[in-house]
Structure formats: structure tokens, C-alpha cells
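For reference, protein_4.pdb (PDB, C-alpha atoms and all ligand atoms):
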```pdb
ATOM      1  CA  MET A   9      45.987 -59.443 -34.309
ATOM      2  CA  LYS A  10      42.921 -57.803 -35.822
ATOM      3  CA  TRP A  11      40.779 -58.517 -32.740
ATOM      4  CA  THR A  12      43.527 -57.200 -30.448
ATOM      5  CA  LYS A  13      43.510 -53.940 -32.399
ATOM      6  CA  ILE A  14      39.743 -53.601 -32.107
ATOM      7  CA  TYR A  15      39.919 -54.397 -28.379
ATOM      8  CA  LEU A  16      42.666 -51.814 -27.806
ATOM      9  CA  SER A  17      40.835 -49.103 -29.730
ATOM     10  CA  LEU A  18      37.669 -49.796 -27.680
ATOM     11  CA  VAL A  19      39.623 -49.500 -24.414
ATOM     12  CA  LEU A  20      41.224 -46.279 -25.630
ATOM     13  CA  SER A  21      37.965 -44.636 -26.634
ATOM     14  CA  THR A  22      36.415 -45.640 -23.270
ATOM     15  CA  VAL A  23      39.349 -44.087 -21.422
ATOM     16  CA  LEU A  24      39.090 -40.902 -23.506
ATOM     17  CA  LEU A  25      35.341 -40.624 -22.935
ATOM     18  CA  THR A  26      35.816 -41.140 -19.174
ATOM     19  CA  LEU A  27      38.514 -38.476 -19.029
ATOM     20  CA  GLN A  28      36.309 -36.112 -21.014
ATOM     21  CA  ALA A  29      33.403 -36.674 -18.641
ATOM     22  CA  GLN A  30      35.603 -35.925 -15.632
ATOM     23  CA  GLN A  31      36.674 -32.561 -16.970
ATOM     24  CA  PRO A  32      34.816 -29.646 -15.455
ATOM     25  CA  LYS A  33      31.928 -28.551 -17.634
ATOM     26  CA  GLN A  34      32.419 -25.267 -19.378
ATOM     27  CA  ILE A  35      29.887 -22.637 -18.265
ATOM     28  CA  PRO A  36      28.794 -20.682 -21.318
ATOM     29  CA  LYS A  37      29.576 -17.004 -21.087
ATOM     30  CA  MET A  38      26.345 -15.045 -20.477
ATOM     31  CA  GLU A  39      25.336 -12.554 -23.095
ATOM     32  CA  SER A  40      22.512 -10.034 -23.063
ATOM     33  CA  ALA A  41      20.568 -11.877 -25.767
ATOM     34  CA  MET A  42      20.355 -15.052 -23.640
ATOM     35  CA  THR A  43      17.829 -13.410 -21.276
ATOM     36  CA  GLU A  44      15.796 -11.548 -23.860
ATOM     37  CA  ILE A  45      12.184 -12.641 -24.497
ATOM     38  CA  TRP A  46      10.748 -11.576 -27.844
ATOM     39  CA  GLU A  47       7.434 -13.400 -28.049
ATOM     40  CA  PRO A  48       4.528 -13.234 -27.564
ATOM     41  CA  VAL A  49       4.436  -9.501 -28.272
ATOM     42  CA  PRO A  50       2.002  -7.614 -25.947
ATOM     43  CA  GLU A  51      -1.079  -6.430 -27.790
ATOM     44  CA  VAL A  52      -1.281  -2.700 -28.429
ATOM     45  CA  VAL A  53      -3.934  -0.875 -26.358
ATOM     46  CA  THR A  54      -4.674   2.776 -26.968
ATOM     47  CA  PRO A  55      -4.923   4.521 -23.602
ATOM     48  CA  GLY A  56      -7.880   6.736 -22.749
ATOM     49  CA  LYS A  57      -7.732  10.465 -23.398
ATOM     50  CA  SER A  58      -7.704  13.187 -20.750
ATOM     51  CA  LYS A  59     -11.136  14.677 -20.212
ATOM     52  CA  PRO A  60     -11.930  18.251 -19.119
ATOM     53  CA  ASP A  61     -12.691  16.985 -15.602
ATOM     54  CA  GLY A  62      -9.161  15.582 -15.315
ATOM     55  CA  THR A  63     -10.113  11.909 -15.606
ATOM     56  CA  LEU A  64      -9.254   9.534 -18.436
ATOM     57  CA  SER A  65     -11.704   8.059 -20.903
ATOM     58  CA  ALA A  66     -11.720   4.259 -21.336
ATOM     59  CA  PRO A  67      -8.806   2.541 -23.082
ATOM     60  CA  SER A  68      -9.415   0.911 -26.460
ATOM     61  CA  ASP A  69      -9.876  -2.654 -25.163
ATOM     62  CA  ALA A  70     -12.293  -1.772 -22.347
ATOM     63  CA  ILE A  71     -15.890  -2.920 -22.138
ATOM     64  CA  ILE A  72     -17.943   0.202 -21.483
ATOM     65  CA  LEU A  73     -20.440  -0.400 -18.705
ATOM     66  CA  PHE A  74     -21.742   3.162 -18.533
ATOM     67  CA  ASP A  75     -20.892   6.053 -20.834
ATOM     68  CA  GLY A  76     -23.453   8.583 -19.657
ATOM     69  CA  LYS A  77     -26.292   7.527 -21.943
ATOM     70  CA  ASN A  78     -28.210   4.516 -20.661
ATOM     71  CA  LEU A  79     -28.160   1.438 -18.445
ATOM     72  CA  SER A  80     -28.245  -1.038 -21.326
ATOM     73  CA  SER A  81     -25.342  -3.014 -19.811
ATOM     74  CA  TRP A  82     -27.241  -3.462 -16.530
ATOM     75  CA  GLN A  83     -30.315  -5.298 -15.293
ATOM     76  CA  ASP A  84     -32.269  -5.871 -12.098
ATOM     77  CA  LYS A  85     -32.222  -9.109 -10.112
ATOM     78  CA  ASN A  86     -34.972 -10.616 -12.277
ATOM     79  CA  ALA A  87     -33.076  -9.812 -15.492
ATOM     80  CA  GLY A  88     -35.517  -6.938 -16.134
ATOM     81  CA  MET A  89     -34.555  -3.349 -16.937
ATOM     82  CA  ALA A  90     -32.420  -1.606 -14.322
ATOM     83  CA  GLN A  91     -34.646   1.029 -12.701
ATOM     84  CA  TRP A  92     -31.964   3.431 -11.519
ATOM     85  CA  GLN A  93     -32.182   6.973 -12.923
ATOM     86  CA  VAL A  94     -29.991   8.193 -15.788
ATOM     87  CA  HIS A  95     -29.641  11.982 -15.975
ATOM     88  CA  ASP A  96     -26.996  14.562 -16.917
ATOM     89  CA  GLY A  97     -24.517  11.895 -18.024
ATOM     90  CA  VAL A  98     -24.642  10.038 -14.701
ATOM     91  CA  PHE A  99     -26.956   7.549 -13.033
ATOM     92  CA  THR A 100     -28.336   7.636  -9.524
ATOM     93  CA  VAL A 101     -29.514   4.864  -7.232
ATOM     94  CA  ASN A 102     -33.311   4.628  -7.299
ATOM     95  CA  LYS A 103     -33.841   3.575  -3.704
ATOM     96  CA  GLY A 104     -36.183   0.678  -3.189
ATOM     97  CA  THR A 105     -35.813  -0.723  -6.711
ATOM     98  CA  GLY A 106     -33.032  -3.078  -5.694
ATOM     99  CA  ASP A 107     -29.436  -3.758  -6.631
ATOM    100  CA  ILE A 108     -28.412  -3.705 -10.286
ATOM    101  CA  PHE A 109     -26.161  -6.218 -12.057
ATOM    102  CA  THR A 110     -24.084  -6.186 -15.223
ATOM    103  CA  LYS A 111     -25.567  -8.385 -17.920
ATOM    104  CA  GLN A 112     -22.110  -9.735 -18.617
ATOM    105  CA  SER A 113     -20.152 -11.971 -16.225
ATOM    106  CA  PHE A 114     -16.462 -11.561 -15.492
ATOM    107  CA  GLU A 115     -13.538 -13.409 -13.982
ATOM    108  CA  ASP A 116     -10.200 -11.549 -13.645
ATOM    109  CA  PHE A 117     -10.433  -7.847 -14.438
ATOM    110  CA  GLN A 118      -9.487  -4.209 -14.071
ATOM    111  CA  LEU A 119     -12.480  -2.063 -13.201
ATOM    112  CA  HIS A 120     -12.800   1.732 -13.327
ATOM    113  CA  LEU A 121     -15.769   3.263 -11.538
ATOM    114  CA  GLU A 122     -16.571   6.839 -10.510
ATOM    115  CA  TRP A 123     -19.067   7.583  -7.758
ATOM    116  CA  MET A 124     -20.310  10.561  -5.797
ATOM    117  CA  VAL A 125     -21.983  11.054  -2.466
ATOM    118  CA  PRO A 126     -24.438  13.957  -2.864
ATOM    119  CA  ALA A 127     -23.716  17.261  -1.144
ATOM    120  CA  ASN A 128     -26.969  17.033   0.829
ATOM    121  CA  ILE A 129     -26.052  13.711   2.460
ATOM    122  CA  SER A 130     -27.354  13.081   5.974
ATOM    123  CA  GLY A 131     -27.176  10.269   8.515
ATOM    124  CA  GLU A 132     -24.291   8.611  10.316
ATOM    125  CA  SER A 133     -21.969   5.657  10.093
ATOM    126  CA  GLN A 134     -23.352   2.970   7.742
ATOM    127  CA  TYR A 135     -26.555   5.009   7.242
ATOM    128  CA  ARG A 136     -24.810   7.799   5.322
ATOM    129  CA  GLY A 137     -24.284   7.268   1.579
ATOM    130  CA  ASN A 138     -23.949   3.498   1.684
ATOM    131  CA  SER A 139     -23.653   1.479  -1.506
ATOM    132  CA  GLY A 140     -21.102  -1.035  -2.718
ATOM    133  CA  VAL A 141     -19.670  -2.784  -5.716
ATOM    134  CA  PHE A 142     -19.829  -6.562  -5.439
ATOM    135  CA  LEU A 143     -17.120  -8.275  -7.489
ATOM    136  CA  GLN A 144     -18.533 -11.374  -9.185
ATOM    137  CA  ASN A 145     -21.749 -10.654  -7.272
ATOM    138  CA  MET A 146     -20.025 -11.984  -4.135
ATOM    139  CA  TYR A 147     -17.331  -9.758  -2.670
ATOM    140  CA  GLU A 148     -18.233  -6.194  -1.681
ATOM    141  CA  ILE A 149     -15.875  -3.272  -1.959
ATOM    142  CA  GLN A 150     -17.618  -0.698   0.198
ATOM    143  CA  LEU A 151     -18.940   2.636  -1.052
ATOM    144  CA  LEU A 152     -19.860   4.987   1.776
ATOM    145  CA  ASP A 153     -19.529   8.608   2.741
ATOM    146  CA  SER A 154     -16.295   8.186   4.691
ATOM    147  CA  TYR A 155     -15.566  11.924   4.788
ATOM    148  CA  GLN A 156     -15.609  12.765   8.495
ATOM    149  CA  ASN A 157     -18.055   9.934   9.151
ATOM    150  CA  PRO A 158     -16.709   7.446  11.705
ATOM    151  CA  THR A 159     -17.816   3.821  11.398
ATOM    152  CA  TYR A 160     -16.195   0.414  11.872
ATOM    153  CA  VAL A 161     -13.049   0.616   9.777
ATOM    154  CA  ASN A 162     -13.634  -2.632   7.903
ATOM    155  CA  GLY A 163     -16.891  -1.063   6.721
ATOM    156  CA  GLN A 164     -15.645   2.340   5.551
ATOM    157  CA  ALA A 165     -15.118   3.321   1.900
ATOM    158  CA  GLY A 166     -12.399   1.251   0.265
ATOM    159  CA  SER A 167     -12.776  -1.698   2.634
ATOM    160  CA  VAL A 168     -13.348  -5.269   1.601
ATOM    161  CA  TYR A 169     -16.591  -5.222   3.574
ATOM    162  CA  LYS A 170     -16.254  -6.736   7.080
ATOM    163  CA  GLN A 171     -12.790  -8.047   6.172
ATOM    164  CA  SER A 172     -10.054  -5.596   5.323
ATOM    165  CA  PRO A 173     -10.020  -1.861   6.211
ATOM    166  CA  PRO A 174      -8.536   0.498   3.622
ATOM    167  CA  LEU A 175      -4.869   1.402   4.123
ATOM    168  CA  LYS A 176      -5.786   5.113   4.024
ATOM    169  CA  ASN A 177      -8.929   7.244   3.938
ATOM    170  CA  ALA A 178      -8.839   8.837   0.458
ATOM    171  CA  MET A 179     -12.431  10.060   0.484
ATOM    172  CA  GLN A 180     -13.557  13.220  -1.313
ATOM    173  CA  SER A 181     -16.043  15.417   0.503
ATOM    174  CA  PRO A 182     -19.738  15.068  -0.429
ATOM    175  CA  GLY A 183     -20.582  16.599  -3.802
ATOM    176  CA  HIS A 184     -17.226  15.590  -5.339
ATOM    177  CA  TRP A 185     -16.464  12.566  -7.471
ATOM    178  CA  ASN A 186     -14.524   9.567  -6.185
ATOM    179  CA  ILE A 187     -12.628   7.219  -8.470
ATOM    180  CA  TYR A 188     -12.078   3.518  -7.846
ATOM    181  CA  ASP A 189      -9.629   1.523  -9.935
ATOM    182  CA  ILE A 190      -9.943  -2.107  -8.906
ATOM    183  CA  ILE A 191      -7.686  -4.952 -10.024
ATOM    184  CA  TYR A 192      -9.251  -8.290  -9.206
ATOM    185  CA  THR A 193      -8.116 -11.880  -9.496
ATOM    186  CA  ALA A 194     -11.031 -14.272  -9.077
ATOM    187  CA  PRO A 195     -10.813 -17.261  -6.744
ATOM    188  CA  ARG A 196     -10.458 -20.671  -8.336
ATOM    189  CA  PHE A 197     -12.001 -23.920  -7.145
ATOM    190  CA  LYS A 198     -11.101 -27.582  -7.493
ATOM    191  CA  GLU A 199     -13.437 -30.001  -9.238
ATOM    192  CA  ASN A 200     -14.746 -31.144  -5.847
ATOM    193  CA  GLY A 201     -15.725 -27.540  -5.030
ATOM    194  CA  ASN A 202     -12.928 -26.901  -2.513
ATOM    195  CA  LEU A 203     -10.981 -23.679  -2.754
ATOM    196  CA  LEU A 204      -7.889 -23.893  -4.957
ATOM    197  CA  TYR A 205      -6.836 -20.303  -4.278
ATOM    198  CA  PRO A 206      -8.648 -17.261  -2.870
ATOM    199  CA  ALA A 207      -9.585 -14.035  -4.629
ATOM    200  CA  ARG A 208      -7.199 -11.077  -4.466
ATOM    201  CA  VAL A 209      -7.930  -7.408  -4.907
ATOM    202  CA  THR A 210      -6.052  -4.160  -5.291
ATOM    203  CA  VAL A 211      -8.102  -0.985  -4.896
ATOM    204  CA  VAL A 212      -6.862   2.490  -5.831
ATOM    205  CA  HIS A 213      -9.140   5.220  -4.448
ATOM    206  CA  ASN A 214      -8.588   8.661  -5.978
ATOM    207  CA  GLY A 215      -5.049   7.624  -6.959
ATOM    208  CA  ILE A 216      -4.192   6.209  -3.509
ATOM    209  CA  VAL A 217      -3.695   2.480  -2.914
ATOM    210  CA  VAL A 218      -6.172   1.409  -0.239
ATOM    211  CA  GLN A 219      -6.060  -2.372  -0.816
ATOM    212  CA  ASN A 220      -2.744  -3.863  -1.938
ATOM    213  CA  ASN A 221      -3.239  -7.336  -3.398
ATOM    214  CA  THR A 222      -5.487  -8.132  -0.433
ATOM    215  CA  GLN A 223      -6.572 -11.738  -0.019
ATOM    216  CA  ILE A 224     -10.366 -11.983   0.148
ATOM    217  CA  THR A 225     -11.345 -14.616   2.698
ATOM    218  CA  GLY A 226     -14.838 -15.389   1.400
ATOM    219  CA  HIS A 227     -18.160 -13.658   0.720
ATOM    220  CA  THR A 228     -18.907 -10.415   2.559
ATOM    221  CA  PRO A 229     -22.110 -10.746   4.616
ATOM    222  CA  ASN A 230     -23.278  -8.072   7.046
ATOM    223  CA  VAL A 231     -23.900 -10.767   9.672
ATOM    224  CA  GLY A 232     -21.702 -13.856   9.874
ATOM    225  CA  LEU A 233     -18.282 -14.966   8.770
ATOM    226  CA  PRO A 234     -16.883 -15.009   5.235
ATOM    227  CA  LYS A 235     -17.092 -18.331   3.438
ATOM    228  CA  TYR A 236     -16.194 -19.548  -0.013
ATOM    229  CA  LYS A 237     -18.643 -21.434  -2.178
ATOM    230  CA  ALA A 238     -17.478 -22.590  -5.600
ATOM    231  CA  HIS A 239     -18.554 -20.358  -8.477
ATOM    232  CA  GLY A 240     -17.561 -19.411 -11.987
ATOM    233  CA  PRO A 241     -17.603 -15.992 -13.684
ATOM    234  CA  GLY A 242     -20.084 -13.548 -12.159
ATOM    235  CA  PRO A 243     -21.533 -10.082 -12.780
ATOM    236  CA  LEU A 244     -20.721  -6.847 -11.013
ATOM    237  CA  ARG A 245     -23.449  -5.747  -8.639
ATOM    238  CA  LEU A 246     -24.115  -2.231  -7.373
ATOM    239  CA  GLN A 247     -25.901  -1.983  -4.051
ATOM    240  CA  ASP A 248     -29.197  -0.259  -3.327
ATOM    241  CA  HIS A 249     -28.602  -0.017   0.427
ATOM    242  CA  GLY A 250     -31.663   0.298   2.625
ATOM    243  CA  ASP A 251     -30.543   3.391   4.558
ATOM    244  CA  PRO A 252     -32.704   6.542   4.238
ATOM    245  CA  SER A 253     -29.896   8.945   3.211
ATOM    246  CA  ALA A 254     -29.789  10.606  -0.224
ATOM    247  CA  PRO A 255     -28.718   8.271  -3.068
ATOM    248  CA  LEU A 256     -25.250   7.998  -4.645
ATOM    249  CA  SER A 257     -24.518   8.675  -8.308
ATOM    250  CA  PHE A 258     -22.179   6.917 -10.741
ATOM    251  CA  ARG A 259     -20.450   7.759 -14.022
ATOM    252  CA  ASN A 260     -17.700   6.547 -16.360
ATOM    253  CA  ILE A 261     -17.671   2.798 -15.625
ATOM    254  CA  TRP A 262     -15.519   0.460 -17.697
ATOM    255  CA  ILE A 263     -13.841  -2.893 -17.289
ATOM    256  CA  ARG A 264     -10.944  -4.712 -18.927
ATOM    257  CA  GLU A 265     -10.879  -8.491 -18.806
ATOM    258  CA  MET A 266      -7.475 -10.006 -18.026
TER     259      MET A 266
HETATM  260 MG    MG B 301     -22.414  -1.231   1.207
END
```
Output the file's structure as C-alpha cells, nothing else.
Amino acid sequence: MKWTKIYLSLVLSTVLLTLQAQQPKQIPKMESAMTEIWEPVPEVVTPGKSKPDGTLSAPSDAIILFDGKNLSSWQDKNAGMAQWQVHDGVFTVNKGTGDIFTKQSFEDFQLHLEWMVPANISGESQYRGNSGVFLQNMYEIQLLDSYQNPTYVNGQAGSVYKQSPPLKNAMQSPGHWNIYDIIYTAPRFKENGNLLYPARVTVVHNGIVVQNNTQITGHTPNVGLPKYKAHGPGPLRLQDHGDPSAPLSFRNIWIREM
């Protein structure tokens, strides 16, 4: 009798469990709190302040690369002192002394850079106010006098050089400052050196988007096709272009690592 009871209760509980399992599952009622994320809390950054010239100073977490005083954050290709000329709170390309490089290397970042083509600029096409900022020393965002100066469009100001023309021409006339805000995601490579994913860049030129999350297809040579070669963090490089036109000036350069 005892064993029959145990057997019956086992059968009953199995039947109940089976019935329970067959019942449609209850979908919990959604509430606002279920989709709220509370942590981690974004770090506080104090934005830059408006300056008399209408631009913003660097935010509190930026690395200052040039604040009008000296080129102590920069060096030449042999890791010697950068020979470009600092004057009046800006610096100017010293033609023939070569490109300059940040001492620090970077990976993903937001870069702010102001540059001016001088009012007395001469020359045509790529021989008129040519410079460039090379991201990670590899990928050139073109600087050029693109104010009424026709050239190949994937070589005008705001282009990823020889790859992607700017969406618009946002160039200021010579003698006026241009502002680049560049958001850059570095490429990543597999252990065997193959590309895992390419670099991407957004460029805002004087407040106008000229590159919108553009995929960079490799390095940016003047002659030849872009290729990727595995690399880690790299410096920024500013170009001392060989053309004979008057040199560009720079001011207010800062970067935020991301
Ligand atoms: Mg250039």
C-alpha cells in the first residue's frame, strides 16, 4: 500500500509538471526601469570656453599639442627639435626642414586643428598651399588652398588623399583660419598581420561634415594604390610639402584619446 501511494504521487507530480510546462509562458510586462542603464557613469569633461575669435578652447581631458607657445609636443623625423617657426601664437611650416611629428603616439581619437593658407598664396592645383595631417603617420587628410583652386577632387582640402573626395568644399579664403575636427578609429590587425578591420574617419571642416565615417582603404601615397600594413599606435604628422608656394600656419591643436 505504501509503495502504491509513493508511485501514485510520483505519477501525479509528473503529470502536473508536464501540464505546467505546456502552459504558455507569461511574458513579463515591460516597465521603463527594465531598459534603463545606470552604470558605468560617463566621466565628466569640462567643455572648452568660447574665445574672442569665436572658436572653443580645449576641453578638460584633451592633450594640448599646440597652445601658441612652443613646439615641445613635436619633433622632426630624427626625433630632433621641430624646426618650424613659432610666432604670434601660431606656427608656420619652415619649408625644407621636413615634416613634423607628435612625440606621442595615438590610436582612436578626436583631433582639433586650425590652419590657415596665407593671403599671399600663389601657384595652382597641388602647388598652392599644400600640407596635410597624417593620422597615425599613415593616412593623409589633405590640407590645401581649395578656395577657387581646381585640382583632382580626391586631392582637395578635406579629402582622404587619393581616396575619398570631401562631401562639400568648406574652404575659407586665403588669410582666414580653417578648422578641422577629425574623429578617427584606427585600423586593427590580426596576429598574422592581416587586416581585421579598416580605419574610419569623420572630418568636419569649418562646421561642415566633409567625411562621414569614411572607410580608409590603406595608406595614402601620391603614386600607387593604398595598402594596409600592420601597425600599432602612431604619431600625427604634419606635411612640409615640396611646392614653392608660401607656407601654411597652424594654431590651437588638441587631441582627445578615445
Ligand atoms: Mg598634402
Quiz item: For this file, the PyMOL selection byres (((chain A and resi 212) around 9) and not hetatm) selects which residues, as a VMD selection string?
Solution: chain A and resid 166 187 to 191 210 to 211 213 to 220
Quiz prompt | Near-ligand residues for ligand MG 301 (chain B), threshold 10 Å, only C-alpha atoms and all ligand atoms, as a PyMOL selection string | solution = chain A and resi 134-135+137-142+148-152+163-165+167-169+228+230+246-251
Quiz item: What is the distance between CA of Leu119 (chain A) and CA of Arg264 (chain A), in Å to one decimal?
Solution: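 Computing the Euclidean distance for CA of Leu119 (chain A) and CA of Arg264 (chain A) yields 6.5 Å.
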Self-check item: Result set of the PyMOL selection byres (((chain A and resi 154) around 9) and not hetatm) on the coordinates above, as a ChimeraX atom specification
Solution: /A:133,136-137,151-153,155-159,164-165,177-181
Residues returned when the PyMOL selection byres (((chain A and resi 56-69) around 12) and not hetatm) runs on this file, as a compact mmCIF listing (two decimals) with C-alpha atoms, in the frame of the given file:
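Contents of out17.txt, freshly written:
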```txt
# COMPACT_ATOMS: atom_id res chain seq x y z
CA GLU A 51 -1.08 -6.43 -27.79
CA VAL A 52 -1.28 -2.70 -28.43
CA VAL A 53 -3.93 -0.88 -26.36
CA THR A 54 -4.67 2.78 -26.97
CA PRO A 55 -4.92 4.52 -23.60
CA ALA A 70 -12.29 -1.77 -22.35
CA ILE A 71 -15.89 -2.92 -22.14
CA ILE A 72 -17.94 0.20 -21.48
CA LEU A 73 -20.44 -0.40 -18.70
CA PHE A 74 -21.74 3.16 -18.53
CA ASP A 75 -20.89 6.05 -20.83
CA GLY A 76 -23.45 8.58 -19.66
CA PHE A 117 -10.43 -7.85 -14.44
CA GLN A 118 -9.49 -4.21 -14.07
CA LEU A 119 -12.48 -2.06 -13.20
CA HIS A 120 -12.80 1.73 -13.33
CA LEU A 121 -15.77 3.26 -11.54
CA GLU A 122 -16.57 6.84 -10.51
CA HIS A 184 -17.23 15.59 -5.34
CA TRP A 185 -16.46 12.57 -7.47
CA ASN A 186 -14.52 9.57 -6.18
CA ILE A 187 -12.63 7.22 -8.47
CA TYR A 188 -12.08 3.52 -7.85
CA ASP A 189 -9.63 1.52 -9.94
CA ASN A 214 -8.59 8.66 -5.98
CA GLY A 215 -5.05 7.62 -6.96
CA ARG A 259 -20.45 7.76 -14.02
CA ASN A 260 -17.70 6.55 -16.36
CA ILE A 261 -17.67 2.80 -15.62
CA TRP A 262 -15.52 0.46 -17.70
CA ILE A 263 -13.84 -2.89 -17.29
CA ARG A 264 -10.94 -4.71 -18.93
CA GLU A 265 -10.88 -8.49 -18.81
CA MET A 266 -7.48 -10.01 -18.03
```
Give, as JSON, the centre coordinates and the x, y and z edge lengths in Å to one decimal for an axis-aligned box around all listed atoms of region 107-111 of chain A, padded by 8 Å on each side.
```
{"center_x": -26.8, "center_y": -6.0, "center_z": -12.3, "size_x": 21.4, "size_y": 20.7, "size_z": 27.3}
```
Quiz item: Expressed in Å to a single decimal, how great is the separation between CA of Asp84 (chain A) and CA of Ile108 (chain A)?
Solution: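 CA of Ile108 (chain A) lies 4.8 Å from CA of Asp84 (chain A).
When all atoms listed in the file are used to measure the gap to Tyr192 (chain A), the shortest distance among A:Pro173, A:Ile45, A:Pro229, A:Phe114 belongs to A:Phe114.
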Practice problem: To one decimal in Å, tell me the separation between CA of His95 (chain A) and CA of Val125 (chain A). | Solution: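 Interatomic distance, CA of His95 (chain A) to CA of Val125 (chain A): 15.6 Å.
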Self-check item: Minimum-distance residue to Ala90 (chain A), chosen among A:Thr225, A:Asp107, A:Pro252, A:Lys77 (using all atoms listed in the file)
Solution: A:Asp107
Quiz item: Between A:Tyr236, A:Tyr147, A:Phe197, A:Phe109, which one has atoms that come closest to Gln91 (chain A), using only C-alpha atoms?
Solution: A:Phe109
Limit the output to N, CA and C atoms and give region 210-224 of chain A as a PDB file, in the first residue's frame.
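Listing of decode_24.pdb after writing:
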```pdb
ATOM      1  N   THR A 210      35.842  60.569 -39.713  1.00  0.00           N
ATOM      2  CA  THR A 210      34.857  61.619 -39.930  1.00  0.00           C
ATOM      3  C   THR A 210      35.613  62.938 -39.843  1.00  0.00           C
ATOM      4  N   VAL A 211      35.418  63.796 -40.842  1.00  0.00           N
ATOM      5  CA  VAL A 211      36.098  65.093 -40.840  1.00  0.00           C
ATOM      6  C   VAL A 211      35.043  66.193 -40.927  1.00  0.00           C
ATOM      7  N   VAL A 212      35.105  67.122 -39.986  1.00  0.00           N
ATOM      8  CA  VAL A 212      34.242  68.312 -40.009  1.00  0.00           C
ATOM      9  C   VAL A 212      35.153  69.497 -40.317  1.00  0.00           C
ATOM     10  N   HIS A 213      34.862  70.182 -41.429  1.00  0.00           N
ATOM     11  CA  HIS A 213      35.687  71.299 -41.892  1.00  0.00           C
ATOM     12  C   HIS A 213      34.866  72.575 -41.731  1.00  0.00           C
ATOM     13  N   ASN A 214      35.307  73.441 -40.832  1.00  0.00           N
ATOM     14  CA  ASN A 214      34.575  74.688 -40.565  1.00  0.00           C
ATOM     15  C   ASN A 214      33.105  74.418 -40.248  1.00  0.00           C
ATOM     16  N   GLY A 215      32.852  73.361 -39.471  1.00  0.00           N
ATOM     17  CA  GLY A 215      31.490  73.044 -39.035  1.00  0.00           C
ATOM     18  C   GLY A 215      30.686  72.231 -40.033  1.00  0.00           C
ATOM     19  N   ILE A 216      31.292  71.852 -41.158  1.00  0.00           N
ATOM     20  CA  ILE A 216      30.568  71.132 -42.219  1.00  0.00           C
ATOM     21  C   ILE A 216      31.175  69.737 -42.381  1.00  0.00           C
ATOM     22  N   VAL A 217      30.329  68.715 -42.333  1.00  0.00           N
ATOM     23  CA  VAL A 217      30.836  67.340 -42.458  1.00  0.00           C
ATOM     24  C   VAL A 217      31.336  67.118 -43.882  1.00  0.00           C
ATOM     25  N   VAL A 218      32.600  66.797 -44.023  1.00  0.00           N
ATOM     26  CA  VAL A 218      33.159  66.539 -45.358  1.00  0.00           C
ATOM     27  C   VAL A 218      33.570  65.074 -45.542  1.00  0.00           C
ATOM     28  N   GLN A 219      33.772  64.358 -44.448  1.00  0.00           N
ATOM     29  CA  GLN A 219      33.948  62.898 -44.487  1.00  0.00           C
ATOM     30  C   GLN A 219      33.039  62.349 -43.394  1.00  0.00           C
ATOM     31  N   ASN A 220      32.169  61.403 -43.759  1.00  0.00           N
ATOM     32  CA  ASN A 220      31.196  60.873 -42.814  1.00  0.00           C
ATOM     33  C   ASN A 220      31.486  59.401 -42.554  1.00  0.00           C
ATOM     34  N   ASN A 221      32.265  59.136 -41.530  1.00  0.00           N
ATOM     35  CA  ASN A 221      32.609  57.748 -41.177  1.00  0.00           C
ATOM     36  C   ASN A 221      33.162  57.016 -42.391  1.00  0.00           C
ATOM     37  N   THR A 222      34.034  57.682 -43.117  1.00  0.00           N
ATOM     38  CA  THR A 222      34.615  57.137 -44.352  1.00  0.00           C
ATOM     39  C   THR A 222      35.588  56.004 -44.039  1.00  0.00           C
ATOM     40  N   GLN A 223      35.467  54.932 -44.803  1.00  0.00           N
ATOM     41  CA  GLN A 223      36.410  53.814 -44.637  1.00  0.00           C
ATOM     42  C   GLN A 223      37.698  54.167 -45.376  1.00  0.00           C
ATOM     43  N   ILE A 224      38.813  54.100 -44.684  1.00  0.00           N
ATOM     44  CA  ILE A 224      40.119  54.348 -45.301  1.00  0.00           C
ATOM     45  C   ILE A 224      40.620  53.012 -45.847  1.00  0.00           C
TER      46      ILE A 224
END
```
